[in-house]
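Inspection log for the structure reproduced underneath, given as structure tokens.
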Amino acid sequence: MGSGVSTENMTDEQYKEAVDKLFAQVEEIRTSNPGNRCVKYLTREVFDSYDKADQMTLYKCAKTGIENKDSGLGCYAMKPEDYTKFEKFFDPLIRDYHGAKDDAVHVTDWDASGVGENGVLDVTKLGLEELSMRVRVGRNLAQFNLPGLMDQAERIKFEVTMLQAFAKLIEDPEFKGTIYSMSPNHGEGVENPNLIDAAKYQELVDAHVMFKDMDADPFLKSAGISSDWPYGRGCWQSEDKQCIIWFGEEDQLRIMCMKKGTMLNEVFDRLKKLLDKVESIEGIEFAKSDKYGYVTSCPSNLGTGMRASVHVKLPNLTADGTDAKAKEVCNPLGLSVRGTGGEHTPIGADGTVDISPRARLFIKERDIIQALYDGISKLMVKEKEAATTTTEEAPKEDAKEEAPKEEPKEEAPKEAPKEDVKEETKAE
Ligand code: ADP
Ligand code: CIR
């Protein structure tokens, strides 16, 4: 362990010394990195209120924030019950990040019949053409550890458990599909029937189907989430390629629907159908909390676990070749900006970015899809304004790319997680 804190082979005195040293480090980060919520809420008083065994687990949850000083959250749960067991640490941190009141309780609600016009959210009404649209949710099975605590054997066991669920999807004419797996084997001498090679993996990453090499992410690495790579990592994809289930990423499962189109509600509704199907399969019980809804590894994804995104061109807001201006504009709108390859990737050469509402917890699923639509609407106004401020005397842009045809609806912005623009690049 980075701090040298361990219950093994240590006298009480040595243990106390190690904890003192750890907290000297925590204090230091609290001063140097005030945006690091892990060290803000990991007080000595909270830590000392647990017995040694629990202190070790709490340390595992917080290790990523101590090793990565620039963390915005700096912690991941190791088991679904950690959010309850370590409530004194997690609860204020979660409410701080999500900008929530002390008594807020998460409510799940997928009924999108009232969004937009009779449940239809059509981006052509905003002057846009076909966009790449994606909605994903993070889910974890209650019976397994969260990925940070899984060892290689548990990762394989989880993959094998999911194979039964994927078989049900494959036999359903609405889904069918293929499993792609990176697990070198399913245990010593046990062949993996779905194994793909490096070239196929890269092809799937480039097509936005598979996730990137998590081992390259220092936050996930410190938390143990990327351990044993690439065991237990892969995905199932439906025959029409629109439905995807990742296994073995930051959450045990990331379930998503993705396609090019103009109606945001279509990917939302299809994802709900897929989720209902998965949840109906025997042996699939998603971890849930009475207070926080669906349980995820990262406190940023609790609640809905949902990220609803579109790839949209913002040539004026990205005229300097970076996403800095787009982030400045999107942050107060409660929107996150990512690159075209996902988190921590660069924007497209033509100014294409990935836009999604930041809120995940204490918000209803149907309100996220509405927030995406409203956010795009407001953003396109800003994009138009940026054309006139950055190129005052320049000839007008092509009208097609320029402006929404409709004024954005007036709506009080939902309270977004409290982030500043700099922090937002990390804490999503
Ligand atoms: P997550 O969305 O699960 O938090 P990432 O931001 O890393 O994770 O994105 C995962 C993958 O999904 C990346 O390949 C990214 O380009 C792709 N992606 C996200 N949104 C869209 C979208 N609207 N259209 C196409 N691909 C998308
Ligand atoms: C941090 O605390 O900044 C990192 N652990 C990233 C948190 C954002 N969550 C995420 O990428 N899913």
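Each chain in the structure tokens gets a letter, A, B and so on, in the order shown; residues start at 1 in every chain, and ligands are counted from 1 in the order they appear.
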Secondary structure check, alpha helix (DSSP H) residues of range 160-399 of chain A, as a VMD selection string: chain A and resid 160 to 170 198 to 206 218 to 222 264 to 279 324 to 330 365 to 390 399
Phe166 in chain A surroundings by only C-alpha atoms, 10 Å radius, close-in-sequence under 6 positions cut, as an NGL selection string: :A and (160 or 172 or 175-179 or 235-238 or 245 or 278 or 281)
Selection: 12 Å around Glu279 in chain A, only C-alpha atoms, excl. self and same-chain fewer than 4 positions, as a list in words: Arg139, Asn140, Leu141, Met162, Ala165, Phe166, Lys168, Leu169, Ile255, Lys272, Lys273, Leu274, Leu275, Gly283, Ile284, Glu285, Phe286 and Ala287 of chain A
Spatial neighbours of Gly303 in chain A, 7 Å, only C-alpha atoms, chain gap at least 2 places, as a PyMOL selection string: chain A and resi 106+292-295+301+305+360-362
Near-ligand residues for ligand 1, threshold 9 Å, only C-alpha atoms and all ligand atoms, as a PyMOL selection string: chain A and resi 131-138+204-212+246+249-250+254-256+258-260+301+306-312+338-345+354-356+428
Which chain A residues have any atom within 8 Å of an atom of ligand 2, and for each, what is the nearest pair of atoms with distance in Å to one decimal, counting only C-alpha atoms and all ligand atoms, rows sorted by chain and number, as a Markdown table?
```
| residue | atom | partner | partner_atom_place_in_ligand_line | distance |
| --- | --- | --- | --- | --- |
| A:Asn36 | CA | ligand 2 | 2 (O) | 7.3 |
| A:Arg37 | CA | ligand 2 | 2 (O) | 7.9 |
| A:Cys38 | CA | ligand 2 | 2 (O) | 8.0 |
| A:Thr64 | CA | ligand 2 | 5 (N) | 6.8 |
| A:Gly65 | CA | ligand 2 | 2 (O) | 6.4 |
| A:Asp70 | CA | ligand 2 | 3 (O) | 6.7 |
| A:Ser71 | CA | ligand 2 | 3 (O) | 3.5 |
| A:Gly72 | CA | ligand 2 | 3 (O) | 3.8 |
| A:Leu73 | CA | ligand 2 | 2 (O) | 3.5 |
| A:Gly74 | CA | ligand 2 | 2 (O) | 3.7 |
| A:Cys75 | CA | ligand 2 | 5 (N) | 6.1 |
| A:Tyr76 | CA | ligand 2 | 5 (N) | 7.2 |
| A:Phe219 | CA | ligand 2 | 5 (N) | 5.0 |
| A:Leu220 | CA | ligand 2 | 5 (N) | 6.9 |
| A:Glu250 | CA | ligand 2 | 12 (N) | 7.2 |
| A:Cys298 | CA | ligand 2 | 9 (N) | 5.8 |
| A:Pro299 | CA | ligand 2 | 9 (N) | 7.7 |
| A:Ser300 | CA | ligand 2 | 9 (N) | 5.7 |
| A:Asn301 | CA | ligand 2 | 12 (N) | 6.6 |
| A:Glu343 | CA | ligand 2 | 11 (O) | 7.1 |
| A:Glu423 | CA | ligand 2 | 3 (O) | 7.6 |
| A:Lys426 | CA | ligand 2 | 3 (O) | 4.4 |
| A:Ala427 | CA | ligand 2 | 8 (C) | 3.8 |
| A:Glu428 | CA | ligand 2 | 8 (C) | 4.0 |
```
Keeping only C-alpha atoms, write the selected residues to a file as an mmCIF file, in the first residue's frame.
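again28.cif, freshly written:
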```
data_model
loop_
_atom_site.group_PDB
_atom_site.id
_atom_site.type_symbol
_atom_site.label_atom_id
_atom_site.label_comp_id
_atom_site.auth_asym_id
_atom_site.auth_seq_id
_atom_site.Cartn_x
_atom_site.Cartn_y
_atom_site.Cartn_z
ATOM 1 C CA ASN A 36 -10.316 16.457 -4.082
ATOM 2 C CA ARG A 37 -13.486 15.362 -2.263
ATOM 3 C CA CYS A 38 -11.960 12.137 -0.981
ATOM 4 C CA THR A 64 -7.370 6.379 -5.741
ATOM 5 C CA GLY A 65 -7.925 9.867 -4.300
ATOM 6 C CA ASP A 70 -6.094 15.860 -8.842
ATOM 7 C CA SER A 71 -9.143 13.581 -8.373
ATOM 8 C CA GLY A 72 -12.505 15.305 -8.268
ATOM 9 C CA LEU A 73 -14.114 12.496 -6.276
ATOM 10 C CA GLY A 74 -11.158 10.274 -5.459
ATOM 11 C CA CYS A 75 -13.015 7.165 -4.345
ATOM 12 C CA TYR A 76 -14.804 4.052 -5.606
ATOM 13 C CA PHE A 219 -7.706 6.534 -11.324
ATOM 14 C CA LEU A 220 -9.055 3.071 -12.160
ATOM 15 C CA GLU A 250 -15.699 0.460 -14.278
ATOM 16 C CA CYS A 298 -18.011 5.543 -8.840
ATOM 17 C CA PRO A 299 -20.251 7.803 -6.727
ATOM 18 C CA SER A 300 -20.616 10.057 -9.785
ATOM 19 C CA ASN A 301 -22.751 7.419 -11.541
ATOM 20 C CA GLU A 343 -13.737 10.329 -21.665
ATOM 21 C CA GLU A 423 -12.425 19.764 -12.465
ATOM 22 C CA LYS A 426 -12.049 14.462 -14.427
ATOM 23 C CA ALA A 427 -15.140 14.168 -12.354
ATOM 24 C CA GLU A 428 -17.829 12.697 -14.533
#
```
In range 102-273 of chain A, DSSP strand (DSSP E) residues written as JSON, numbers by chain: {"A": [131, 132, 133, 134, 135, 136, 137, 138, 139, 178, 179, 180, 181, 234, 235, 236, 237, 243, 244, 245, 246, 247, 253, 254, 255, 256, 257, 258, 259, 260, 261]}
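Comparing A:Lys157, A:Asp20, A:Ala112, A:Leu302 by their smallest distance to Asp290 in chain A, the closest is A:Leu302 (using only C-alpha atoms).
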Two-atom distance - CA of Leu163 in chain A, CA of Ala142 in chain A (Å):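 According to the coordinates, CA of Leu163 in chain A and CA of Ala142 in chain A are separated by 17.0 Å.
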Two-atom distance - CA of Arg44 in chain A, CA of Gln14 in chain A (Å):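 These atoms are spaced 16.8 Å apart.
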Can I get the residues of range 68-169 of chain A within 6 Å of range 230-234 of chain A, each with the closest pair of atoms and their distance in Å to one decimal, using only C-alpha atoms, sorted chain first then ascending number, as a Markdown table?
```
| residue | atom | partner | partner_atom | distance |
| --- | --- | --- | --- | --- |
| A:Arg155 | CA | A:Gly232 | CA | 4.7 |
| A:Ile156 | CA | A:Gly232 | CA | 5.1 |
| A:Glu159 | CA | A:Gly232 | CA | 5.5 |
```
